[in-house]
>>> print(open('work.cif').read())   # mmCIF, C-alpha atoms
data_input
loop_
_atom_site.label_atom_id
_atom_site.label_comp_id
_atom_site.auth_asym_id
_atom_site.auth_seq_id
_atom_site.Cartn_x
_atom_site.Cartn_y
_atom_site.Cartn_z
CA MET E 18 0.00 0.00 0.00
CA LYS E 19 1.34 3.43 -0.93
CA LYS E 20 2.26 6.14 1.55
CA ILE E 21 0.64 9.57 1.54
CA ARG E 22 1.48 13.01 2.92
CA LEU E 23 -0.76 14.89 5.34
CA GLY E 24 -1.18 18.63 5.66
CA VAL E 25 -3.28 20.01 8.52
CA ASN E 26 -5.29 23.20 8.23
CA ILE E 27 -5.20 25.14 11.51
CA ASP E 28 -7.69 27.89 10.61
CA HIS E 29 -10.12 26.79 13.30
CA VAL E 30 -7.50 26.96 16.02
CA ALA E 31 -7.37 30.64 15.13
CA THR E 32 -11.18 30.78 15.17
CA LEU E 33 -11.16 29.53 18.76
CA ARG E 34 -8.44 31.98 19.73
CA ASN E 35 -10.27 34.89 18.15
CA ALA E 36 -13.44 34.14 20.14
CA ARG E 37 -11.76 35.78 23.14
CA ASN E 38 -9.51 38.14 21.16
CA ASP E 39 -6.60 36.59 23.02
CA ASP E 40 -3.38 34.72 22.22
CA PHE E 41 -4.60 31.27 23.30
CA PRO E 42 -4.59 28.71 21.82
CA ASP E 43 -1.27 29.64 20.26
CA LEU E 44 -0.74 28.58 16.65
CA LEU E 45 2.97 27.98 17.09
CA SER E 46 2.36 25.56 19.98
CA VAL E 47 -0.15 23.68 17.84
CA SER E 48 2.37 23.59 15.00
CA LYS E 49 4.96 21.98 17.29
CA ILE E 50 2.46 19.25 18.22
CA LEU E 51 1.79 18.62 14.54
CA LYS E 52 5.50 18.40 13.79
CA ASN E 53 6.11 16.00 16.67
CA VAL E 54 3.39 13.64 15.47
CA GLY E 55 4.76 13.63 11.91
CA VAL E 56 2.51 15.97 9.90
CA ASN E 57 4.14 17.13 6.66
CA ASN E 58 2.91 20.71 6.40
CA ILE E 59 0.57 23.30 7.84
CA THR E 60 -2.17 24.96 5.80
CA VAL E 61 -3.73 28.33 6.60
CA HIS E 62 -6.32 30.25 4.59
CA LEU E 63 -5.83 34.01 4.80
CA ARG E 64 -9.29 35.25 3.85
CA GLU E 65 -10.20 38.72 2.66
CA ASP E 66 -12.21 39.35 5.85
CA ARG E 67 -9.52 37.82 8.13
CA ARG E 68 -12.21 35.79 9.91
CA HIS E 69 -9.67 33.42 11.46
CA ILE E 70 -6.05 33.57 10.25
CA LYS E 71 -4.43 37.02 10.44
CA ASP E 72 -1.50 38.46 8.48
CA ASP E 73 0.78 38.26 11.53
CA ASP E 74 -0.13 34.59 12.00
CA VAL E 75 1.21 33.80 8.55
CA ARG E 76 4.37 35.83 9.13
CA SER E 77 4.99 34.12 12.46
CA LEU E 78 4.43 30.62 11.08
CA LYS E 79 6.78 31.32 8.17
CA ASN E 80 9.48 32.93 10.34
CA GLU E 81 9.45 30.13 12.93
CA ASN E 82 9.43 27.54 10.12
CA ILE E 83 8.25 24.73 12.38
CA LEU E 84 6.69 22.99 9.38
CA PRO E 85 6.47 23.93 5.70
CA LEU E 86 3.67 26.45 5.20
CA ASN E 87 0.93 26.07 2.59
CA LEU E 88 -0.96 29.34 2.14
CA GLU E 89 -4.51 29.09 0.80
CA MET E 90 -5.57 32.32 -0.86
CA ALA E 91 -7.90 33.91 -3.36
CA ALA E 92 -6.54 35.06 -6.71
CA THR E 93 -6.41 38.75 -5.80
CA LYS E 94 -3.66 41.33 -6.12
CA GLU E 95 -3.58 41.78 -2.34
CA MET E 96 -3.01 38.08 -1.73
CA LYS E 97 -0.43 37.74 -4.49
CA ASN E 98 1.61 40.61 -3.08
CA PHE E 99 1.37 39.15 0.41
CA SER E 100 2.46 35.71 -0.78
CA LEU E 101 5.43 37.18 -2.64
CA GLU E 102 6.40 38.99 0.56
CA ILE E 103 6.06 35.91 2.79
CA LEU E 104 7.23 33.27 0.29
CA PRO E 105 5.44 30.25 1.77
CA SER E 106 6.62 26.78 0.81
CA ALA E 107 3.44 26.40 -1.24
CA CYS E 108 0.27 28.29 -2.01
CA CYS E 109 -3.10 26.97 -3.09
CA ILE E 110 -5.39 29.24 -5.08
CA VAL E 111 -9.00 28.79 -4.00
CA PRO E 112 -12.32 30.44 -4.88
CA GLU E 113 -13.58 32.72 -2.16
CA ARG E 114 -16.90 34.40 -1.45
CA ARG E 115 -17.33 36.54 1.63
CA GLU E 116 -20.71 35.04 2.59
CA GLU E 117 -19.63 31.38 2.48
CA LEU E 118 -18.85 29.49 5.69
CA THR E 119 -16.13 27.47 3.98
CA THR E 120 -14.83 27.06 0.44
CA GLU E 121 -17.72 25.81 -1.68
CA GLY E 122 -16.64 24.08 -4.87
CA GLY E 123 -13.49 24.32 -6.92
CA LEU E 124 -11.94 27.18 -8.81
CA ASP E 125 -13.36 27.68 -12.30
CA VAL E 126 -9.97 27.70 -13.99
CA ARG E 127 -11.19 27.24 -17.55
CA ASN E 128 -13.32 30.40 -17.49
CA GLN E 129 -10.57 32.50 -15.87
CA MET E 130 -7.66 31.55 -18.09
CA ASN E 131 -6.83 35.07 -19.25
CA TYR E 132 -6.81 36.45 -15.72
CA LEU E 133 -4.92 33.52 -14.19
CA ASN E 134 -2.38 33.56 -17.03
CA GLU E 135 -1.46 37.08 -15.90
CA PHE E 136 -1.82 36.37 -12.18
CA LEU E 137 0.17 33.17 -11.72
CA PRO E 138 3.64 33.51 -13.32
CA ALA E 139 5.18 35.55 -10.49
CA LEU E 140 3.95 32.97 -7.95
CA ASN E 141 5.01 30.00 -10.10
CA ASN E 142 8.54 31.42 -10.12
CA LYS E 143 8.74 31.74 -6.32
CA THR E 144 6.77 28.87 -4.75
CA GLN E 145 4.93 25.62 -5.43
CA VAL E 146 1.47 26.60 -6.67
CA SER E 147 -1.62 24.39 -6.66
CA LEU E 148 -5.16 25.13 -7.79
CA PHE E 149 -8.17 23.87 -5.83
CA VAL E 150 -10.47 22.35 -8.44
CA ASP E 151 -13.45 20.04 -8.78
CA PRO E 152 -12.66 16.54 -10.10
CA ASP E 153 -13.15 17.63 -13.72
CA PRO E 154 -10.61 16.85 -16.48
CA ASP E 155 -11.32 20.15 -18.23
CA GLN E 156 -10.35 22.12 -15.12
CA ILE E 157 -7.28 19.95 -14.58
CA LYS E 158 -6.15 20.40 -18.19
CA ALA E 159 -6.55 24.16 -17.80
CA ALA E 160 -4.46 24.07 -14.62
CA LYS E 161 -1.69 22.25 -16.47
CA GLU E 162 -1.72 24.89 -19.19
CA LEU E 163 -1.11 27.54 -16.53
CA GLY E 164 2.13 25.93 -15.40
CA VAL E 165 1.23 25.14 -11.77
CA SER E 166 2.85 22.19 -10.03
CA ALA E 167 -0.28 20.56 -8.58
CA VAL E 168 -4.03 20.55 -8.25
CA GLU E 169 -5.98 19.80 -5.10
CA LEU E 170 -9.17 17.90 -5.88
CA HIS E 171 -12.23 19.15 -4.02
CA THR E 172 -13.67 16.20 -2.08
CA GLY E 173 -16.57 18.11 -0.53
CA LYS E 174 -19.27 16.63 -2.76
CA TYR E 175 -17.92 13.12 -2.18
CA SER E 176 -17.89 13.72 1.59
CA ASN E 177 -21.50 14.90 1.60
CA LEU E 178 -22.65 11.97 -0.54
CA PHE E 179 -20.75 9.53 1.68
CA LYS E 180 -23.18 10.34 4.51
CA LYS E 181 -26.01 9.09 2.28
CA ASN E 182 -24.08 6.06 1.01
CA ASN E 183 -24.45 7.50 -2.48
CA PHE E 184 -20.83 8.42 -3.13
CA HIS E 185 -19.63 5.84 -5.66
CA SER E 186 -20.12 7.93 -8.79
CA GLU E 187 -18.33 10.91 -7.26
CA LEU E 188 -15.52 8.70 -6.00
CA GLU E 189 -15.08 7.39 -9.54
CA LYS E 190 -14.78 10.98 -10.80
CA ILE E 191 -12.06 11.62 -8.25
CA LYS E 192 -10.21 8.46 -9.28
CA LYS E 193 -10.40 9.35 -12.98
CA SER E 194 -9.30 12.90 -12.29
CA ALA E 195 -6.32 11.74 -10.23
CA GLU E 196 -5.31 9.36 -13.02
CA TYR E 197 -5.55 12.21 -15.50
CA CYS E 198 -3.30 14.37 -13.31
CA SER E 199 -0.66 11.67 -13.38
CA LYS E 200 -1.03 11.25 -17.14
CA ILE E 201 -0.37 14.94 -17.86
CA GLY E 202 2.33 15.42 -15.23
CA LEU E 203 0.52 17.24 -12.41
CA ASN E 204 0.90 16.35 -8.74
CA CYS E 205 -2.48 15.46 -7.25
CA HIS E 206 -3.63 16.48 -3.78
CA ALA E 207 -7.11 16.23 -2.26
CA GLY E 208 -9.13 17.67 0.57
CA HIS E 209 -12.35 19.06 2.03
CA GLY E 210 -14.81 17.33 4.33
CA LEU E 211 -12.60 14.31 5.00
CA ASN E 212 -12.86 12.37 8.26
CA PHE E 213 -12.13 8.97 9.81
CA GLU E 214 -14.99 7.30 7.93
CA ASN E 215 -14.65 8.66 4.41
CA VAL E 216 -10.91 9.23 3.95
CA LYS E 217 -9.90 5.63 3.35
CA ASN E 218 -11.37 5.53 -0.16
CA ILE E 219 -9.51 8.69 -1.10
CA SER E 220 -6.22 7.61 0.41
CA LEU E 221 -6.29 4.38 -1.62
CA ILE E 222 -6.16 6.28 -4.92
CA ASP E 223 -2.56 5.75 -6.03
CA GLU E 224 -2.15 9.08 -7.79
CA ILE E 225 -3.16 11.20 -4.79
CA ILE E 226 0.05 12.00 -2.92
CA GLU E 227 -1.19 14.49 -0.31
CA LEU E 228 -4.30 15.17 1.74
CA ASN E 229 -5.10 18.50 3.37
CA VAL E 230 -7.58 18.26 6.25
CA GLY E 231 -8.61 20.76 8.89
CA HIS E 232 -12.06 21.11 10.39
CA PHE E 233 -12.59 17.48 11.34
CA LEU E 234 -9.16 17.04 12.89
CA ILE E 235 -9.34 20.19 15.00
CA SER E 236 -12.93 19.46 16.04
CA ASN E 237 -12.28 15.84 16.97
CA ALA E 238 -9.33 16.95 19.09
CA ILE E 239 -11.86 18.42 21.53
CA PHE E 240 -12.83 14.87 22.49
CA VAL E 241 -9.57 12.93 22.44
CA GLY E 242 -6.75 15.43 21.92
CA LEU E 243 -4.85 16.56 18.86
CA GLU E 244 -2.08 13.96 18.94
CA LYS E 245 -4.45 11.00 19.20
CA THR E 246 -6.67 12.42 16.46
CA ILE E 247 -3.76 12.91 14.06
CA GLU E 248 -2.25 9.53 14.88
CA LYS E 249 -5.53 7.73 14.16
CA PHE E 250 -5.99 9.62 10.89
CA MET E 251 -2.43 8.82 9.83
CA LYS E 252 -2.96 5.15 10.51
CA ILE E 253 -6.10 5.10 8.35
CA ILE E 254 -4.33 6.71 5.38
CA ASN E 255 -1.09 4.74 5.88
CA HIS E 256 1.01 7.85 6.44
CA PRO E 257 4.78 7.16 6.60
CA LYS E 258 4.89 8.29 10.25
CA SER E 259 1.84 6.31 11.33
CA LYS E 260 2.26 4.06 14.34
#
>>> encode(input="work.cif", output="structure tokens")
Amino acid sequence: MKKIRLGVNIDHVATLRNARNDDFPDLLSVSKILKNVGVNNITVHLREDRRHIKDDDVRSLKNENILPLNLEMAATKEMKNFSLEILPSACCIVPERREELTTEGGLDVRNQMNYLNEFLPALNNKTQVSLFVDPDPDQIKAAKELGVSAVELHTGKYSNLFKKNNFHSELEKIKKSAEYCSKIGLNCHAGHGLNFENVKNISLIDEIIELNVGHFLISNAIFVGLEKTIEKFMKIINHPKSK
């Protein structure tokens, strides 16, 4: 069975901290726990409205360099300039609407080719860029044409259908999309809505080399702790550091 990397999104640690406008829980302390348990990278989404992660959080995480930093961001001039200042290890371009609770659906790359063709080159030259897309070969082909190093397949629809035991068609789309990534030379990541129950199917897809998971892991840590949560998740996906 293949091994797979795990990135952990810590946005909701910041959400909890911001509830009291305080410095606890501290993101750097959480990052050290994640490093000790064997996580490969940390993901943060710096949103336009700064609802959880703040600019100084990103600077601090990059400066301390506890784990490689993956910056999720919208394709805006503000975010591009910030990323070029910070120079994270990787950045993932995601769609963003102010009113949404979380990212809903993938980036429509095909219909934004002219804009993204102007937006991405500076980032491609400085960091590893991925695009968050639905499992759709047309979107993946467009991503390849833009010169990025990876796509992250949106697994939100699959995760929702899994609850109804009606996920098989969507899982097949994800498999086919991952195979297509490999065929055209794109690294394939996946994430959104994954948990202990539904992640196994995704982790078994050979072409998917990295998962990025946040809300479930941070939420489940309330019950059993962060280390135990991550360790169990790693064991399910056969992570190289799993015990």
>>> residues_around(input="work.cif", residues="Ala91 in chain E", least_positions_apart="4", cutoff="9 Å", atoms="all atoms listed in the file", output="PDB file with C-alpha atoms, in the frame of the given file")
ATOM      1  CA  HIS E  62      -6.320  30.250   4.590  1.00  0.00           C
ATOM      2  CA  LEU E  63      -5.830  34.010   4.800  1.00  0.00           C
ATOM      3  CA  ARG E  64      -9.290  35.250   3.850  1.00  0.00           C
ATOM      4  CA  GLU E  65     -10.200  38.720   2.660  1.00  0.00           C
ATOM      5  CA  MET E  96      -3.010  38.080  -1.730  1.00  0.00           C
ATOM      6  CA  LYS E  97      -0.430  37.740  -4.490  1.00  0.00           C
ATOM      7  CA  CYS E 109      -3.100  26.970  -3.090  1.00  0.00           C
ATOM      8  CA  ILE E 110      -5.390  29.240  -5.080  1.00  0.00           C
ATOM      9  CA  VAL E 111      -9.000  28.790  -4.000  1.00  0.00           C
ATOM     10  CA  PRO E 112     -12.320  30.440  -4.880  1.00  0.00           C
ATOM     11  CA  GLU E 113     -13.580  32.720  -2.160  1.00  0.00           C
TER      12      GLU E 113
END
>>> closest_residue(input="work.cif", among="E:Leu104, E:Ala92, E:Ala159, E:Val146", to="Val75 in chain E", atoms="only C-alpha atoms")
E:Leu104
>>> closest_residue(input="work.cif", among="E:Leu51, E:Leu163, E:Ile254, E:Leu178", to="Ile219 in chain E", atoms="all atoms listed in the file")
E:Ile254
>>> resolve_selection(input="work.cif", expression="the PyMOL selection byres ((chain E and resi 132-136) around 10)", output="VMD selection string")
chain E and resid 92 to 94 97 126 to 131 137 to 141 160 162 to 164
>>> resolve_selection(input="work.cif", expression="the PyMOL selection byres ((chain E and resi 224-229) around 6)", output="list in words")
Ile21, Arg22, Leu23, Gly24, Val25, Ala195, Cys205, His206, Ala207, Gly208, Ile222, Asp223 and Val230 of chain E
>>> residues_around(input="work.cif", residues="Lys260 in chain E", least_positions_apart="3", cutoff="12 Å", atoms="all atoms listed in the file", output="number ranges by chain")
E: 54-55, 244-245, 247-257
>>> closest_residue(input="work.cif", among="E:Glu89, E:Asp28, E:Glu102, E:Glu95", to="Arg76 in chain E", atoms="all atoms listed in the file")
E:Glu102
>>> axis_aligned_box(input="work.cif", around="range 142-153 of chain E", padding_each_side="8 Å", output="JSON")
{"center_x": -2.4, "center_y": 24.1, "center_z": -9.2, "size_x": 38.2, "size_y": 31.2, "size_z": 25.0}
>>> closest_residue(input="work.cif", among="E:Leu86, E:Ile157, E:Leu221, E:Leu211", to="Tyr197 in chain E", atoms="all atoms listed in the file")
E:Ile157
>>> closest_residue(input="work.cif", among="E:His185, E:Lys180, E:His29, E:Lys71", to="His232 in chain E", atoms="only C-alpha atoms")
E:His29
